[in-house]
file final_7.cif (mmCIF, C-alpha atoms)
data_data
loop_
_atom_site.label_atom_id
_atom_site.label_comp_id
_atom_site.auth_asym_id
_atom_site.auth_seq_id
_atom_site.Cartn_x
_atom_site.Cartn_y
_atom_site.Cartn_z
CA MET A 1 63.11 54.93 84.06
CA LYS A 2 61.02 51.80 83.62
CA LEU A 3 62.21 49.69 80.75
CA ALA A 4 60.46 46.50 79.62
CA VAL A 5 62.12 43.70 77.67
CA ALA A 6 59.42 41.92 75.71
CA SER A 7 58.94 39.79 72.59
CA GLY A 8 56.15 38.17 70.71
CA LYS A 9 57.91 34.87 70.34
CA GLY A 10 59.16 32.90 73.32
CA GLY A 11 62.82 31.92 73.60
CA THR A 12 64.20 34.86 71.64
CA GLY A 13 66.44 36.05 74.49
CA LYS A 14 64.39 38.45 76.63
CA THR A 15 65.99 37.34 79.88
CA THR A 16 69.45 37.25 78.29
CA VAL A 17 69.06 40.87 77.19
CA ALA A 18 67.45 41.97 80.48
CA VAL A 19 70.05 40.49 82.84
CA ASN A 20 73.05 41.55 80.75
CA LEU A 21 71.68 45.04 80.38
CA ALA A 22 71.23 45.20 84.16
CA ALA A 23 74.81 43.99 84.59
CA VAL A 24 76.29 46.90 82.60
CA PHE A 25 74.40 49.58 84.56
CA ASP A 26 76.82 51.91 86.30
CA GLY A 27 74.65 52.36 89.41
CA PRO A 28 71.92 50.54 91.31
CA VAL A 29 69.23 49.01 89.11
CA GLN A 30 66.20 46.80 89.66
CA LEU A 31 65.62 43.69 87.59
CA VAL A 32 61.92 42.88 87.77
CA ASP A 33 61.08 39.35 86.64
CA CYS A 34 57.46 39.60 85.48
CA ASP A 35 57.51 36.20 83.76
CA VAL A 36 55.80 34.80 86.84
CA GLU A 37 54.91 31.48 85.21
CA ALA A 38 58.60 30.71 84.67
CA PRO A 39 60.83 33.29 86.38
CA ASN A 40 64.44 32.66 85.42
CA ALA A 41 66.38 35.95 85.77
CA GLY A 42 67.53 34.71 89.19
CA LEU A 43 69.38 31.81 87.52
CA PHE A 44 71.74 34.36 85.94
CA LEU A 45 71.86 36.99 88.69
CA LYS A 46 72.28 34.46 91.53
CA PRO A 47 70.95 36.77 94.25
CA GLU A 48 71.36 36.20 97.96
CA ALA A 49 68.37 34.50 99.60
CA LEU A 50 65.14 36.16 98.51
CA THR A 51 62.82 37.68 101.09
CA GLU A 52 59.48 36.21 100.05
CA GLU A 53 55.97 37.47 100.60
CA ILE A 54 52.91 35.30 99.97
CA ILE A 55 50.48 36.93 97.55
CA THR A 56 46.75 36.32 97.73
CA THR A 57 43.76 37.59 95.79
CA PRO A 58 40.36 38.43 97.31
CA VAL A 59 37.78 35.67 96.74
CA PRO A 60 34.31 35.02 98.20
CA GLY A 61 33.73 33.14 101.43
CA ILE A 62 30.22 32.08 102.51
CA ILE A 63 28.70 32.62 105.94
CA GLU A 64 26.49 29.54 105.74
CA SER A 65 24.17 30.59 108.57
CA LEU A 66 23.18 33.74 106.67
CA CYS A 67 22.96 32.18 103.19
CA THR A 68 19.41 31.53 101.96
CA ARG A 69 20.60 29.64 98.81
CA CYS A 70 18.94 32.32 96.64
CA GLY A 71 21.62 31.94 93.96
CA GLU A 72 22.10 35.67 93.22
CA CYS A 73 25.88 35.38 93.64
CA SER A 74 26.13 32.48 91.23
CA ARG A 75 23.95 34.17 88.60
CA PHE A 76 26.04 37.33 88.85
CA CYS A 77 29.46 35.66 88.62
CA GLY A 78 30.79 35.82 85.06
CA PHE A 79 33.61 33.40 85.82
CA SER A 80 31.74 30.39 87.25
CA ALA A 81 33.51 30.80 90.57
CA ILE A 82 30.30 30.18 92.52
CA ALA A 83 27.81 27.40 91.77
CA CYS A 84 24.43 27.13 93.49
CA VAL A 85 22.49 23.90 93.18
CA GLY A 86 19.74 22.61 95.41
CA SER A 87 19.67 23.43 99.09
CA THR A 88 23.36 23.05 99.89
CA PRO A 89 25.55 26.15 100.45
CA PRO A 90 27.12 27.59 97.27
CA LEU A 91 30.13 25.70 95.92
CA LEU A 92 33.19 27.93 95.57
CA PHE A 93 35.90 27.64 92.92
CA PRO A 94 38.42 30.27 94.09
CA GLN A 95 40.85 29.43 91.30
CA MET A 96 38.23 30.69 88.79
CA CYS A 97 37.60 33.98 90.62
CA HIS A 98 38.76 37.26 89.04
CA SER A 99 38.23 39.21 92.29
CA CYS A 100 35.61 41.61 90.90
CA GLY A 101 33.77 41.73 94.23
CA GLY A 102 30.35 41.56 92.55
CA CYS A 103 29.10 38.59 94.57
CA VAL A 104 29.71 40.47 97.84
CA LYS A 105 27.64 43.39 96.52
CA VAL A 106 24.71 41.43 95.08
CA CYS A 107 24.19 39.12 98.07
CA PRO A 108 20.94 40.36 99.66
CA GLU A 109 21.78 38.70 102.99
CA ASP A 110 25.37 39.94 103.41
CA ALA A 111 26.32 36.29 103.57
CA ILE A 112 29.51 36.70 101.53
CA PHE A 113 32.75 37.89 103.09
CA VAL A 114 36.07 38.59 101.42
CA ASP A 115 38.36 35.60 101.82
CA LYS A 116 41.93 35.17 100.56
CA HIS A 117 43.22 32.77 97.93
CA ARG A 118 46.96 32.23 97.53
CA ILE A 119 48.26 32.68 93.96
CA GLY A 120 52.04 32.89 94.42
CA THR A 121 54.93 34.78 95.96
CA VAL A 122 56.98 37.91 95.38
CA GLY A 123 60.64 37.63 96.30
CA VAL A 124 63.21 40.39 96.62
CA GLY A 125 66.95 39.83 96.80
CA ARG A 126 70.21 41.54 95.99
CA ALA A 127 72.97 40.57 93.57
CA GLY A 128 75.63 43.28 93.89
CA SER A 129 74.14 46.58 92.75
CA ILE A 130 71.18 44.78 91.15
CA THR A 131 67.99 44.28 93.15
CA LEU A 132 66.00 41.33 91.85
CA ILE A 133 62.23 41.50 92.28
CA GLN A 134 60.69 38.23 91.21
CA GLY A 135 57.14 36.94 91.04
CA THR A 136 56.47 33.20 91.15
CA LEU A 137 52.99 31.98 90.33
CA ASP A 138 51.87 28.85 92.20
CA VAL A 139 51.59 25.70 90.09
CA GLY A 140 47.95 25.40 89.08
CA SER A 141 47.15 29.09 89.44
CA THR A 142 46.20 30.98 86.27
CA MET A 143 46.10 34.46 87.81
CA ALA A 144 49.33 35.89 86.42
CA PRO A 145 48.16 39.52 85.91
CA PRO A 146 47.27 40.27 89.57
CA LEU A 147 50.56 38.74 90.69
CA ILE A 148 52.49 40.84 88.13
CA SER A 149 50.78 43.98 89.47
CA ARG A 150 51.95 43.05 92.98
CA VAL A 151 55.50 42.46 91.68
CA LYS A 152 55.47 45.93 90.10
CA GLU A 153 54.29 47.51 93.37
CA ARG A 154 57.66 46.58 94.83
CA ILE A 155 59.57 48.72 92.31
CA ASP A 156 61.35 51.71 93.88
CA PRO A 157 60.30 54.57 91.54
CA GLY A 158 63.49 56.45 92.41
CA LEU A 159 65.70 53.82 90.78
CA PRO A 160 65.82 52.53 87.20
CA ALA A 161 63.98 49.26 86.60
CA ILE A 162 64.27 46.66 83.85
CA LEU A 163 61.12 44.53 83.54
CA ASP A 164 61.59 41.08 82.03
CA ALA A 165 58.21 40.40 80.39
CA PRO A 166 56.54 37.06 79.70
CA PRO A 167 56.44 36.00 76.03
CA GLY A 168 53.42 36.61 73.83
CA THR A 169 50.94 39.48 73.73
CA SER A 170 48.28 38.31 76.19
CA CYS A 171 47.09 39.66 79.57
CA PRO A 172 50.31 38.95 81.53
CA VAL A 173 52.28 40.93 78.92
CA MET A 174 49.80 43.82 79.13
CA ALA A 175 50.07 43.78 82.93
CA THR A 176 53.86 44.04 82.55
CA LEU A 177 53.90 46.77 79.89
CA LYS A 178 51.39 49.05 81.63
CA GLY A 179 53.19 52.22 82.73
CA VAL A 180 56.64 51.49 81.28
CA ASP A 181 58.59 54.29 79.59
CA TYR A 182 60.18 52.25 76.85
CA ALA A 183 60.13 48.68 75.54
CA ILE A 184 62.85 46.60 73.96
CA LEU A 185 61.45 43.91 71.68
CA VAL A 186 63.80 40.96 71.32
CA THR A 187 63.37 38.94 68.16
CA GLU A 188 65.27 36.53 65.95
CA PRO A 189 65.67 36.88 62.19
CA THR A 190 63.39 33.96 61.29
CA PRO A 191 59.85 33.78 59.87
CA PHE A 192 58.53 32.84 63.34
CA GLY A 193 60.43 35.71 64.92
CA LEU A 194 59.03 38.14 62.36
CA HIS A 195 55.47 36.88 62.69
CA ASP A 196 55.43 37.33 66.45
CA LEU A 197 57.39 40.61 66.30
CA HIS A 198 54.52 41.88 64.19
CA LEU A 199 52.05 41.07 66.99
CA ALA A 200 54.28 42.67 69.62
CA VAL A 201 54.66 45.85 67.54
CA GLU A 202 50.87 46.11 67.11
CA THR A 203 50.46 45.66 70.87
CA LEU A 204 52.93 48.41 71.73
CA ARG A 205 51.47 50.80 69.17
CA GLU A 206 48.03 50.19 70.70
CA LEU A 207 49.47 51.01 74.13
CA GLY A 208 51.30 54.07 72.76
CA THR A 209 54.63 52.94 74.23
CA SER A 210 57.80 53.72 72.28
CA PHE A 211 60.02 50.79 71.49
CA GLY A 212 63.03 49.50 69.59
CA VAL A 213 64.16 46.06 68.47
CA VAL A 214 67.05 43.81 69.46
CA VAL A 215 67.85 41.15 66.87
CA ASN A 216 69.29 38.09 68.59
CA ARG A 217 71.14 35.24 66.87
CA LEU A 218 72.05 37.34 63.87
CA GLY A 219 73.20 35.04 61.07
CA ILE A 220 70.38 32.50 61.17
CA GLY A 221 67.20 32.85 59.12
CA ASP A 222 66.77 35.61 56.57
CA HIS A 223 66.59 39.39 56.19
CA ARG A 224 62.86 39.92 56.53
CA VAL A 225 63.01 41.18 60.14
CA HIS A 226 65.48 43.87 59.11
CA ARG A 227 63.40 44.81 56.07
CA TYR A 228 60.28 45.03 58.24
CA CYS A 229 61.99 47.28 60.82
CA GLU A 230 63.27 49.53 58.05
CA GLU A 231 59.84 49.81 56.40
CA GLN A 232 58.16 50.51 59.72
CA ASN A 233 60.83 52.97 60.93
CA ILE A 234 61.56 50.81 63.99
CA PRO A 235 65.07 51.37 65.38
CA VAL A 236 67.26 48.27 65.63
CA LEU A 237 69.02 48.96 68.92
CA LEU A 238 71.37 45.99 69.03
CA GLN A 239 72.26 42.87 67.09
CA ILE A 240 73.65 39.86 68.92
CA PRO A 241 75.50 37.41 66.66
CA ASP A 242 74.60 33.71 66.59
CA ASP A 243 77.62 32.67 68.64
CA ARG A 244 77.67 29.16 70.10
CA ARG A 245 79.72 30.43 73.06
CA ILE A 246 76.82 32.69 74.08
CA ALA A 247 74.48 29.69 74.18
CA GLU A 248 77.05 27.73 76.19
CA ALA A 249 77.45 30.56 78.72
CA CYS A 250 73.66 30.88 79.05
CA SER A 251 73.29 27.13 79.55
CA ARG A 252 75.69 27.42 82.50
CA GLY A 253 73.71 30.34 83.96
CA GLU A 254 76.49 32.84 83.23
CA LEU A 255 76.13 36.44 82.17
CA ILE A 256 77.43 37.06 78.64
CA VAL A 257 79.12 40.30 79.73
CA LYS A 258 81.14 38.35 82.30
CA ALA A 259 81.82 35.07 80.45
CA LEU A 260 82.55 36.79 77.12
CA PRO A 261 83.83 40.30 77.98
CA GLU A 262 84.14 41.16 74.27
CA TYR A 263 80.33 41.52 74.23
CA ARG A 264 80.27 43.97 77.13
CA GLY A 265 80.55 46.90 74.74
CA LEU A 266 77.44 45.75 72.83
CA PHE A 267 75.27 45.89 75.95
CA GLN A 268 76.79 49.22 77.04
CA GLU A 269 75.87 50.52 73.60
CA LEU A 270 72.30 49.23 74.10
CA LEU A 271 72.13 50.99 77.47
CA ARG A 272 73.24 54.27 75.85
CA GLU A 273 70.68 53.78 73.06
CA VAL A 274 67.73 53.29 75.41
CA ARG A 275 68.82 56.07 77.76
CA ASN A 276 68.69 58.49 74.84
CA ARG A 277 65.08 57.59 74.08
CA MET B 1 13.24 9.85 85.73
CA LYS B 2 14.93 12.44 83.52
CA ILE B 3 18.18 11.43 81.83
CA ALA B 4 20.38 14.04 80.09
CA PHE B 5 22.60 12.99 77.18
CA THR B 6 25.28 15.21 75.66
CA THR B 7 24.71 15.47 71.91
CA SER B 8 24.85 17.78 68.93
CA GLY B 9 21.69 16.29 67.45
CA ASP B 10 17.96 16.34 68.10
CA SER B 11 16.96 12.71 67.72
CA MET B 12 17.53 9.47 69.60
CA GLU B 13 19.86 8.35 66.77
CA ALA B 14 22.07 11.43 67.29
CA PRO B 15 25.67 10.79 68.34
CA LEU B 16 26.53 10.86 72.04
CA GLU B 17 29.03 13.69 72.46
CA PRO B 18 32.14 12.92 74.52
CA ARG B 19 32.43 16.43 76.01
CA PHE B 20 30.19 17.59 78.84
CA GLY B 21 30.70 21.32 79.54
CA ARG B 22 31.35 22.16 75.92
CA ALA B 23 28.81 19.80 74.37
CA GLU B 24 26.65 21.34 71.62
CA GLY B 25 23.53 20.55 73.59
CA PHE B 26 21.60 18.16 75.80
CA LEU B 27 18.87 15.70 74.93
CA ILE B 28 16.76 15.09 78.03
CA TYR B 29 14.76 11.87 77.97
CA ASP B 30 11.83 11.40 80.34
CA THR B 31 11.53 7.66 81.10
CA ASN B 32 7.99 8.00 82.49
CA ALA B 33 6.50 9.88 79.53
CA GLU B 34 8.91 8.23 77.04
CA THR B 35 9.44 11.62 75.39
CA PHE B 36 12.46 13.86 75.03
CA GLU B 37 13.34 17.50 74.62
CA THR B 38 16.59 19.18 73.55
CA HIS B 39 18.43 22.15 75.05
CA SER B 40 21.20 24.13 73.41
CA ASN B 41 24.46 24.53 75.34
CA ARG B 42 25.81 27.24 72.99
CA THR B 43 26.48 29.84 75.70
CA ASN B 44 28.58 27.41 77.73
CA LEU B 45 30.24 26.01 74.62
CA ASN B 46 31.78 29.43 74.01
CA ALA B 47 32.53 30.30 77.65
CA THR B 48 36.11 31.32 78.38
CA GLN B 49 36.09 29.25 81.56
CA GLY B 50 33.74 27.28 83.80
CA ALA B 51 31.75 25.60 81.00
CA GLY B 52 31.37 22.40 83.02
CA ILE B 53 30.24 24.23 86.15
CA GLN B 54 27.64 26.18 84.18
CA ALA B 55 26.40 23.14 82.29
CA ALA B 56 26.03 21.25 85.58
CA GLN B 57 23.98 24.10 87.09
CA LYS B 58 21.82 24.14 83.98
CA LEU B 59 21.05 20.44 84.30
CA SER B 60 20.20 20.98 87.96
CA THR B 61 17.76 23.75 87.02
CA LEU B 62 16.20 21.44 84.41
CA GLY B 63 15.51 18.86 87.11
CA VAL B 64 17.63 16.12 85.61
CA ASP B 65 18.25 12.92 87.64
CA CYS B 66 21.20 11.53 85.73
CA LEU B 67 23.65 12.44 83.00
CA VAL B 68 25.24 10.28 80.31
CA THR B 69 28.27 11.81 78.64
CA GLY B 70 31.72 10.84 77.39
CA HIS B 71 33.86 12.43 80.07
CA CYS B 72 33.35 14.58 83.14
CA GLY B 73 35.95 16.73 84.92
CA PRO B 74 36.30 17.33 88.67
CA LYS B 75 34.60 20.75 88.95
CA ALA B 76 31.55 19.70 86.92
CA PHE B 77 31.44 16.40 88.78
CA GLY B 78 31.47 18.25 92.11
CA VAL B 79 28.50 20.41 91.09
CA LEU B 80 26.56 17.47 89.61
CA ASN B 81 27.22 15.41 92.72
CA THR B 82 26.03 18.22 95.00
CA ALA B 83 22.93 18.60 92.84
CA GLY B 84 22.24 14.88 93.29
CA ILE B 85 22.70 14.11 89.57
CA ARG B 86 24.28 10.71 88.91
CA VAL B 87 26.98 10.72 86.23
CA TYR B 88 27.49 7.89 83.73
CA THR B 89 30.35 7.98 81.25
CA SER B 90 30.04 6.01 78.04
CA SER B 91 31.66 5.75 74.64
CA LEU B 92 28.58 4.27 72.99
CA PRO B 93 27.90 5.85 69.59
CA THR B 94 24.33 7.16 69.91
CA VAL B 95 21.86 8.49 72.47
CA ALA B 96 19.59 5.50 71.83
CA ASP B 97 22.45 3.05 72.51
CA ALA B 98 23.29 4.86 75.75
CA LEU B 99 19.63 4.89 76.84
CA ARG B 100 19.39 1.14 76.19
CA ALA B 101 22.56 0.55 78.22
CA ILE B 102 21.34 2.58 81.16
CA THR B 103 17.89 0.99 81.26
CA GLU B 104 19.42 -2.51 80.95
CA GLY B 105 21.70 -1.62 83.85
CA SER B 106 24.96 -2.23 81.98
CA LEU B 107 26.19 1.33 82.70
CA LYS B 108 27.35 2.01 86.25
CA PRO B 109 27.34 5.49 87.83
CA SER B 110 30.77 7.13 88.25
CA ALA B 111 32.15 7.68 91.75
CA ALA B 112 34.48 10.47 90.63
CA ALA B 113 35.56 12.58 87.66
CA ASP B 114 37.21 10.49 84.94
CA VAL B 115 39.40 13.27 83.46
CA ASP B 116 41.57 16.06 84.90
CA SER B 117 40.62 19.68 85.21
CA HIS B 118 41.52 22.07 82.38
CA TRP B 119 42.77 24.65 84.87
CA THR B 120 43.97 23.28 88.13
#
call {"tool": "encode", "arguments": {"input": "final_7.cif", "output": "structure tokens"}}
result
Amino acid sequence: MKLAVASGKGGTGKTTVAVNLAAVFDGPVQLVDCDVEAPNAGLFLKPEALTEEIITTPVPGIIESLCTRCGECSRFCGFSAIACVGSTPPLLFPQMCHSCGGCVKVCPEDAIFVDKHRIGTVGVGRAGSITLIQGTLDVGSTMAPPLISRVKERIDPGLPAILDAPPGTSCPVMATLKGVDYAILVTEPTPFGLHDLHLAVETLRELGTSFGVVVNRLGIGDHRVHRYCEEQNIPVLLQIPDDRRIAEACSRGELIVKALPEYRGLFQELLREVRNR
Amino acid sequence: MKIAFTTSGDSMEAPLEPRFGRAEGFLIYDTNAETFETHSNRTNLNATQGAGIQAAQKLSTLGVDCLVTGHCGPKAFGVLNTAGIRVYTSSLPTVADALRAITEGSLKPSAAADVDSHWT
């Protein structure tokens, strides 16, 4: 089972739900941190040292002796990763490259080879029965989706996996949600929470992935999120009360189910709910 | 000598636009003929990325010798520099003011980009 924890709005509690859900699993489980721009599941799981692999993407390299400065590569590139001006060899901007491979194909002189450009790392480590798989995008790199795909390649398909998604509904979220069996959308009962939940719901319906909602910080805001879920026939899987002690535990990097055992039952209930779907 | 100015207008009194890659267009003044022509930069203006790189290549194709704009980032500057196009940054209000400044010699060419990259 591949389960994604997503949200439209940032800061609604995706990681909180993901790590606590992983903690109440009765067997081995994988926690896959796909929020590669700011991975933080490890702060709560505190795994042993991660085994890290450097991740690169294919980018063009120029064999200057073969290049005739014809400019075909630059004209073909839709991402401005190659610039040809005057009689100097093409200028490369590997950080702009989307690795389509087109430049290699259109070069009439075979002067372009496939080089590597580092975008980040994938780390794997254990925290008890939880295996943490975590992607970390390099500062300055914008290529989150290819890194997320590499993170997901490390998932053992024989074991359940919880994918902690990035916020929003853009490409990195799509890269995370691709191929998951079920999605939990974490929201808060506020106008902002509702607005972005809307976007997340549209995204999941487009993808054809079934999903349910977790309402976090119940007690703040209003009732519009609940009304919306009811109207749209979206199951509310779990409601987490707006309890200051939860925020305090999170700020110390503690799991709710350990720091506040009275909430353990809530997350076990969530696990039962999603297993039945 | 051909001098490119970033602008949204089509006259010498048009405002000098501070952006380079995402400028509305370019006014290219020929100092020998004392005439000018304008070129739209619409396609680059709406590019998802690499507007500065594309705009710089365009100016190279147009045979421009120098560029007067408000600001220029490192990728665009790199391409312009390789193409042998001198870059002048100015906050003067109009194309005509900037042309006067460059012909009088009160504008000095930039040695490097004056703003950071949007991406990296």
call {"tool": "closest_residue", "arguments": {"input": "final_7.cif", "among": "B:Lys2, B:Ala47, B:Leu62, B:Gln57", "to": "Ala33 in chain B", "atoms": "all atoms listed in the file"}}
result
B:Lys2
call {"tool": "interface_residues", "arguments": {"input": "final_7.cif", "of": "chain A", "to": "chain B", "cutoff": "10 Å", "atoms": "all atoms listed in the file", "output": "number ranges by chain"}}
result
A: 74-75, 78-93, 95-96, 139-142
call {"tool": "residues_around", "arguments": {"input": "final_7.cif", "residues": "Arg86 in chain B", "least_positions_apart": "5", "cutoff": "10 Å", "atoms": "only C-alpha atoms", "output": "PyMOL selection string"}}
result
chain B and resi 3+64-68+77+80-81+108-111
call {"tool": "resolve_selection", "arguments": {"input": "final_7.cif", "expression": "the PyMOL selection byres ((chain A and resi 29) around 7)", "output": "PyMOL selection string"}}
result
chain A and resi 22+25+27-28+30-31+129-131+159-161
call {"tool": "write_last_selection", "arguments": {"input": "final_7.cif", "atoms": "C-alpha atoms", "output": "compact mmCIF listing (two decimals), in the frame of the given file"}}
result
# COMPACT_ATOMS: atom_id res chain seq x y z
CA ALA A 22 71.23 45.20 84.16
CA PHE A 25 74.40 49.58 84.56
CA GLY A 27 74.65 52.36 89.41
CA PRO A 28 71.92 50.54 91.31
CA GLN A 30 66.20 46.80 89.66
CA LEU A 31 65.62 43.69 87.59
CA SER A 129 74.14 46.58 92.75
CA ILE A 130 71.18 44.78 91.15
CA THR A 131 67.99 44.28 93.15
CA LEU A 159 65.70 53.82 90.78
CA PRO A 160 65.82 52.53 87.20
CA ALA A 161 63.98 49.26 86.60
call {"tool": "closest_residue", "arguments": {"input": "final_7.cif", "among": "A:Glu269, A:Glu262, A:Glu254, A:Glu188", "to": "Leu43 in chain A", "atoms": "all atoms listed in the file"}}
result
A:Glu254
call {"tool": "resolve_selection", "arguments": {"input": "final_7.cif", "expression": "the PyMOL selection byres ((chain B and resi 22) around 12)", "output": "PyMOL selection string"}}
result
chain B and resi 6-8+17-21+23-26+40-56+69-73+76
call {"tool": "resolve_selection", "arguments": {"input": "final_7.cif", "expression": "the PyMOL selection byres ((chain A and resi 118) around 7)", "output": "list in words"}}
result
Ile55, Thr56, Thr57, Lys116, His117, Ile119 and Gly120 of chain A
call {"tool": "residues_around", "arguments": {"input": "final_7.cif", "residues": "range 29-31 of chain B", "least_positions_apart": "5", "cutoff": "9 Å", "atoms": "all atoms listed in the file", "output": "list in words"}}
result
Met1, Lys2, Ile3, Ala4, Phe5, Phe36, Glu37, Thr38 and Leu99 of chain B
call {"tool": "residues_near_point", "arguments": {"input": "final_7.cif", "point": "(62.4, 57.6, 82.2)", "cutoff": "8 Å", "atoms": "only C-alpha atoms", "output": "list in words"}}
result
Met1, Lys2, Pro160, Asp181, Tyr182 and Arg275 of chain A
call {"tool": "write_last_selection", "arguments": {"input": "final_7.cif", "atoms": "C-alpha atoms", "output": "PDB file, keeping the file's coordinate frame"}}
result
ATOM      1  CA  MET A   1      63.110  54.930  84.060  1.00  0.00           C
ATOM      2  CA  LYS A   2      61.020  51.800  83.620  1.00  0.00           C
ATOM      3  CA  PRO A 160      65.820  52.530  87.200  1.00  0.00           C
ATOM      4  CA  ASP A 181      58.590  54.290  79.590  1.00  0.00           C
ATOM      5  CA  TYR A 182      60.180  52.250  76.850  1.00  0.00           C
ATOM      6  CA  ARG A 275      68.820  56.070  77.760  1.00  0.00           C
TER       7      ARG A 275
END
call {"tool": "axis_aligned_box", "arguments": {"input": "final_7.cif", "around": "range 82-100 of chain B", "padding_each_side": "5 Å", "output": "JSON"}}
result
{"center_x": 25.5, "center_y": 9.9, "center_z": 82.3, "size_x": 22.3, "size_y": 27.5, "size_z": 35.4}
call {"tool": "atom_distance", "arguments": {"input": "final_7.cif", "atom1": "CA of Lys152 in chain A", "atom2": "CA of Val32 in chain A"}}
result
7.5 Å
call {"tool": "closest_residue", "arguments": {"input": "final_7.cif", "among": "A:Ala127, A:Leu3, A:Val104, A:Leu260", "to": "Ala49 in chain A", "atoms": "all atoms listed in the file"}}
result
A:Ala127
call {"tool": "closest_residue", "arguments": {"input": "final_7.cif", "among": "A:Pro167, A:Gly71, A:Pro172, A:Gly128", "to": "Ala144 in chain A", "atoms": "all atoms listed in the file"}}
result
A:Pro172
call {"tool": "atom_distance", "arguments": {"input": "final_7.cif", "atom1": "CA of Asp138 in chain A", "atom2": "CA of Val36 in chain A"}}
result
8.9 Å
call {"tool": "atom_distance", "arguments": {"input": "final_7.cif", "atom1": "CA of Pro189 in chain A", "atom2": "CA of Gly212 in chain A"}}
result
14.9 Å
call {"tool": "residues_around", "arguments": {"input": "final_7.cif", "residues": "Asp110 in chain A", "least_positions_apart": "6", "cutoff": "9 Å", "atoms": "only C-alpha atoms", "output": "VMD selection string"}}
result
chain A and resid 63 66 to 67 104
call {"tool": "decode", "arguments": {"input": "final_7.cif", "residues": "range 54-58 of chain A", "atoms": "all heavy atoms", "output": "compact mmCIF listing (two decimals), in the first residue's frame"}}
result
# COMPACT_ATOMS: atom_id res chain seq x y z
N ILE A 54 24.23 10.47 -3.93
CA ILE A 54 24.14 11.73 -4.66
C ILE A 54 23.31 11.51 -5.92
O ILE A 54 23.52 10.54 -6.64
CB ILE A 54 25.54 12.27 -5.01
CG1 ILE A 54 26.23 12.72 -3.71
CG2 ILE A 54 25.48 13.42 -6.01
CD1 ILE A 54 27.70 13.04 -3.86
N ILE A 55 22.37 12.39 -6.17
CA ILE A 55 21.48 12.26 -7.32
C ILE A 55 21.84 13.31 -8.37
O ILE A 55 21.99 14.50 -8.05
CB ILE A 55 20.01 12.42 -6.90
CG1 ILE A 55 19.64 11.41 -5.80
CG2 ILE A 55 19.08 12.30 -8.11
CD1 ILE A 55 19.77 9.95 -6.19
N THR A 56 21.98 12.87 -9.60
CA THR A 56 22.28 13.79 -10.70
C THR A 56 21.21 13.66 -11.77
O THR A 56 20.48 12.67 -11.81
CB THR A 56 23.65 13.48 -11.34
OG1 THR A 56 23.60 12.15 -11.87
CG2 THR A 56 24.79 13.57 -10.34
N THR A 57 21.13 14.66 -12.63
CA THR A 57 20.26 14.57 -13.80
C THR A 57 21.14 14.66 -15.04
O THR A 57 22.20 15.31 -15.01
CB THR A 57 19.21 15.69 -13.85
OG1 THR A 57 19.88 16.94 -13.68
CG2 THR A 57 18.16 15.54 -12.77
N PRO A 58 20.72 14.04 -16.15
CA PRO A 58 21.52 14.16 -17.37
C PRO A 58 21.40 15.55 -17.99
O PRO A 58 20.27 16.07 -18.11
CB PRO A 58 20.91 13.08 -18.29
CG PRO A 58 19.59 12.74 -17.72
CD PRO A 58 19.59 13.12 -16.28
